[in-house]
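The structure appears below as structure tokens.
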Amino acid sequence: MTPELPRATDLLPWWRRLWTTADPVMIDAGAGGELIVARVRLCLIGGLFVIPLVNYIQNRSATENQVGLGIGLMAVAVAGVILLSIKRNMYRPWLGFITSAIDVSLVSAGLAAFLVLDLPHTAVNSKVLFPVYFLAMFATSIRYDARVCITTGVLMLLEYAAIVWVAATHWSLNDPAYAPFTYGMFSWSAQIGRLVILLAAAVLATVVVVRTQRLRQLSTSDRLTGLFNRGYFEARLGAELSRARRGGSPLSLVMLDVDHFKRFNDRFGHLAGDMALRTIANLMRHALRRSDIIARFGGEEFVLVFPETEPDAVLEKLESIREAVASATIRLHRNQPIGGITVSAGIASFPHDSADAESLIDAADARLFRAKEGGRNRIVGPTAAAALPDLPESPAPRPRSSSPFSWRRRSPS
């Protein structure tokens, strides 16, 4: 499915969505892409550094060779520092903006150096340095952030346009004195063509990222409720747990289930059941923060992840959701109002209950089971679980499977 281009009336909302914070899973993917770019950058710059080094050894007094060696040393140092920082887990989402800007600016610095050396034709007609712009622009697409592509493309256009303007205004580039024009004569049409090609490269890189994000959105969404699906939840939970371990911050996980959902379906029909699930999904979506994760785990089960949140704060939020669901009115396509839906939930927290994803799900699932056994339409958290000694401590162990997130629904529902 090819995503439709935004209409004129939708441009502002589309632009706002484009500039919102990237999906954390895409951020993690961007971190992997940043590491690839850092390694390629160091290898490429290290290989190119051999040229100015050899030239400097052959003729140390030449200004051109001295400048080339200085720029090469600076580029190798910057590339090494960036790679070392990423390998030491110092990556942050904003790093992609900085490293991409450095990449295109290094190319521009190389072209500008020819202006300093009184070689303006080389600066505006280079067949070696200019194509490196495209490598730098291509590298932005594996950061998986359209904002990086856009800002880098704008910076690249401005820098190259500035180089061309300086060369055209400070030198008479087509003066016969420059004959035989080894690097070609200056032409505004050729330079405008170069700028258009650079613009096209930036647009293509942005489209690739937007397309990737759109396909990921389609592959991670539940069609019925519009929430994330189980596959996305599994990937996101792993990423959030890694982030919580690095930062020493809490994380809470909730298993939430619709009470007597089969009975509801049998009484009102499956269309009513679908509407009930949509209603519950909308109530949760509007009640929680943007940073909270809500996913449909399967059937009438939902899972929620609350980064940097203690279970007591989660319990308060879930109580308001539980009350809203119990008082909600569900309307079918015939506008017939029906009700009678309630939910139960269990809360587990990192690092108190567990430090790994599977055990954390088990702990939340066990408390959901206790909420069901305790009468349904209630929330059981770590503190509340301790206050119910008459209930079974935990249900029978789940069967293991090849998936680290295997799970079997327990009765009663």
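Here's how to read the names in the structure tokens: chain A, B, ... by the order shown, residue numbers from 1 in each chain, ligand numbers from 1 in the order shown.
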
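Near A:Asp175, within 10 Å and counting only C-alpha atoms, sit A:Trp171, A:Ala179, A:Phe181, A:Met185, A:Phe186, not including residues fewer than 4 positions from it in the same chain.
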
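Distances to A:Ala345 were evaluated for A:Ala202, A:Leu277, A:Ile379, A:Ala162 using only C-alpha atoms, and the minimum falls at A:Ile379.
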
- Item | All residues 8 Å or closer to A:Asp312, only C-alpha atoms, same chain fewer than 3 positions away omitted, as a ChimeraX atom specification | /A:315-316,381

- How many Å lie between atom CA of A:Ala123 and atom CA of A:Gly110, rounded to one decimal? 8.3 Å

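The space between atom CA of A:Ile280 and atom CA of A:Ser354 spans 28.0 Å.
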
- Item | DSSP strand (DSSP E) residues within stretch 187-356 of chain A, as a ChimeraX atom specification | /A:251-258,293-298,301-307,330-331,337-338,343-350

Output of the above residues as a CSV table (one decimal), in the first residue's frame, restricted to N, CA, C and O atoms:
```csv
chain,number,residue,atom,x,y,z
A,251,LEU,N,9.7,1.2,36.1
A,251,LEU,CA,8.8,0.9,35.0
A,251,LEU,C,7.7,0.0,35.5
A,251,LEU,O,7.9,-0.9,36.3
A,252,SER,N,6.5,0.3,35.1
A,252,SER,CA,5.3,-0.5,35.5
A,252,SER,C,4.6,-1.1,34.3
A,252,SER,O,4.6,-0.5,33.3
A,253,LEU,N,4.2,-2.3,34.5
A,253,LEU,CA,3.5,-3.0,33.4
A,253,LEU,C,2.1,-3.5,33.9
A,253,LEU,O,2.0,-4.0,35.0
A,254,VAL,N,1.1,-3.4,33.1
A,254,VAL,CA,-0.3,-3.7,33.5
A,254,VAL,C,-0.8,-4.7,32.5
A,254,VAL,O,-0.7,-4.5,31.3
A,255,MET,N,-1.5,-5.8,33.0
A,255,MET,CA,-2.3,-6.7,32.2
A,255,MET,C,-3.7,-6.3,32.5
A,255,MET,O,-4.1,-6.4,33.7
A,256,LEU,N,-4.5,-6.0,31.5
A,256,LEU,CA,-5.9,-5.6,31.7
A,256,LEU,C,-6.8,-6.5,30.8
A,256,LEU,O,-6.5,-6.7,29.7
A,257,ASP,N,-7.9,-6.9,31.4
A,257,ASP,CA,-8.8,-7.9,30.7
A,257,ASP,C,-10.3,-7.4,30.9
A,257,ASP,O,-10.6,-6.9,32.0
A,258,VAL,N,-11.1,-7.6,29.9
A,258,VAL,CA,-12.5,-7.3,30.0
A,258,VAL,C,-13.2,-8.4,30.7
A,258,VAL,O,-13.0,-9.6,30.3
A,293,ILE,N,2.5,3.3,26.9
A,293,ILE,CA,2.3,2.4,25.7
A,293,ILE,C,1.1,1.5,26.0
A,293,ILE,O,1.0,0.9,27.1
A,294,ILE,N,0.2,1.5,25.1
A,294,ILE,CA,-1.0,0.7,25.2
A,294,ILE,C,-1.1,-0.2,24.0
A,294,ILE,O,-1.0,0.2,22.8
A,295,ALA,N,-1.3,-1.5,24.2
A,295,ALA,CA,-1.3,-2.5,23.1
A,295,ALA,C,-2.4,-3.5,23.4
A,295,ALA,O,-2.7,-3.8,24.5
A,296,ARG,N,-3.0,-4.0,22.3
A,296,ARG,CA,-3.9,-5.1,22.4
A,296,ARG,C,-3.1,-6.4,22.4
A,296,ARG,O,-2.4,-6.7,21.4
A,297,PHE,N,-3.2,-7.1,23.5
A,297,PHE,CA,-2.3,-8.3,23.7
A,297,PHE,C,-2.9,-9.5,23.0
A,297,PHE,O,-2.2,-10.4,22.6
A,298,GLY,N,-4.2,-9.5,22.9
A,298,GLY,CA,-4.9,-10.6,22.2
A,298,GLY,C,-6.3,-10.8,22.7
A,298,GLY,O,-6.6,-10.7,23.9
A,301,GLU,N,-7.8,-8.9,25.9
A,301,GLU,CA,-6.7,-8.5,26.8
A,301,GLU,C,-5.9,-7.4,26.2
A,301,GLU,O,-5.6,-7.3,25.1
A,302,PHE,N,-5.5,-6.5,27.1
A,302,PHE,CA,-4.7,-5.3,26.8
A,302,PHE,C,-3.5,-5.3,27.7
A,302,PHE,O,-3.5,-5.8,28.8
A,303,VAL,N,-2.4,-4.7,27.2
A,303,VAL,CA,-1.2,-4.6,28.1
A,303,VAL,C,-0.8,-3.1,28.0
A,303,VAL,O,-0.8,-2.5,26.9
A,304,LEU,N,-0.3,-2.6,29.1
A,304,LEU,CA,0.1,-1.2,29.2
A,304,LEU,C,1.4,-1.1,29.9
A,304,LEU,O,1.7,-1.8,30.8
A,305,VAL,N,2.3,-0.2,29.4
A,305,VAL,CA,3.6,0.0,29.9
A,305,VAL,C,3.7,1.4,30.3
A,305,VAL,O,3.4,2.3,29.5
A,306,PHE,N,4.2,1.7,31.5
A,306,PHE,CA,4.3,3.0,32.0
A,306,PHE,C,5.8,3.3,32.4
A,306,PHE,O,6.3,2.9,33.4
A,307,PRO,N,6.6,3.9,31.4
A,307,PRO,CA,8.0,4.2,31.7
A,307,PRO,C,8.1,5.2,32.8
A,307,PRO,O,7.3,6.1,33.0
A,330,ILE,N,-22.1,2.1,25.4
A,330,ILE,CA,-21.7,1.7,24.1
A,330,ILE,C,-22.9,1.7,23.2
A,330,ILE,O,-24.0,1.2,23.5
A,331,ARG,N,-22.7,2.3,22.0
A,331,ARG,CA,-23.8,2.5,21.1
A,331,ARG,C,-23.5,1.7,19.8
A,331,ARG,O,-22.4,1.9,19.2
A,337,PRO,N,-28.2,2.1,22.9
A,337,PRO,CA,-27.2,2.1,23.9
A,337,PRO,C,-27.2,0.9,24.8
A,337,PRO,O,-28.3,0.3,25.1
A,338,ILE,N,-26.1,0.3,25.0
A,338,ILE,CA,-25.9,-0.8,25.9
A,338,ILE,C,-24.8,-0.5,26.9
A,338,ILE,O,-24.0,0.4,26.6
A,343,VAL,N,-13.7,-3.9,33.7
A,343,VAL,CA,-12.4,-4.5,33.4
A,343,VAL,C,-11.7,-4.8,34.7
A,343,VAL,O,-12.0,-4.2,35.8
A,344,SER,N,-10.8,-5.7,34.7
A,344,SER,CA,-9.9,-6.0,35.8
A,344,SER,C,-8.4,-5.9,35.3
A,344,SER,O,-8.2,-6.1,34.1
A,345,ALA,N,-7.5,-5.6,36.2
A,345,ALA,CA,-6.1,-5.5,35.8
A,345,ALA,C,-5.2,-5.9,37.0
A,345,ALA,O,-5.5,-5.8,38.1
A,346,GLY,N,-4.0,-6.2,36.6
A,346,GLY,CA,-2.9,-6.5,37.5
A,346,GLY,C,-1.7,-5.7,37.1
A,346,GLY,O,-1.4,-5.5,36.0
A,347,ILE,N,-1.0,-5.2,38.2
A,347,ILE,CA,0.2,-4.4,38.0
A,347,ILE,C,1.4,-5.0,38.5
A,347,ILE,O,1.4,-5.6,39.6
A,348,ALA,N,2.5,-5.0,37.7
A,348,ALA,CA,3.8,-5.4,38.1
A,348,ALA,C,4.8,-4.3,37.8
A,348,ALA,O,4.6,-3.4,37.0
A,349,SER,N,5.9,-4.3,38.5
A,349,SER,CA,6.9,-3.2,38.4
A,349,SER,C,8.3,-3.7,38.3
A,349,SER,O,8.7,-4.7,38.9
A,350,PHE,N,9.1,-2.9,37.5
A,350,PHE,CA,10.5,-3.1,37.4
A,350,PHE,C,11.2,-2.0,38.3
A,350,PHE,O,10.8,-0.9,38.3
```

Kindly provide the residues of stretch 144-180 of chain A that approach stretch 111-116 of chain A to within 10 Å, each paired with its closest atom pair and their distance in Å to one decimal, based on only C-alpha atoms, listed by chain and increasing number, as CSV.
```
residue,atom,partner,partner_atom,distance
A:Glu159,CA,A:Ala112,CA,9.5
A:Tyr160,CA,A:Leu111,CA,8.6
A:Ala162,CA,A:Ala112,CA,9.5
A:Ile163,CA,A:Ala112,CA,6.4
A:Val164,CA,A:Ala112,CA,9.5
A:Val166,CA,A:Leu115,CA,8.5
A:Ala167,CA,A:Leu115,CA,7.1
A:His170,CA,A:Leu115,CA,9.6
A:Trp171,CA,A:Leu115,CA,9.7
```
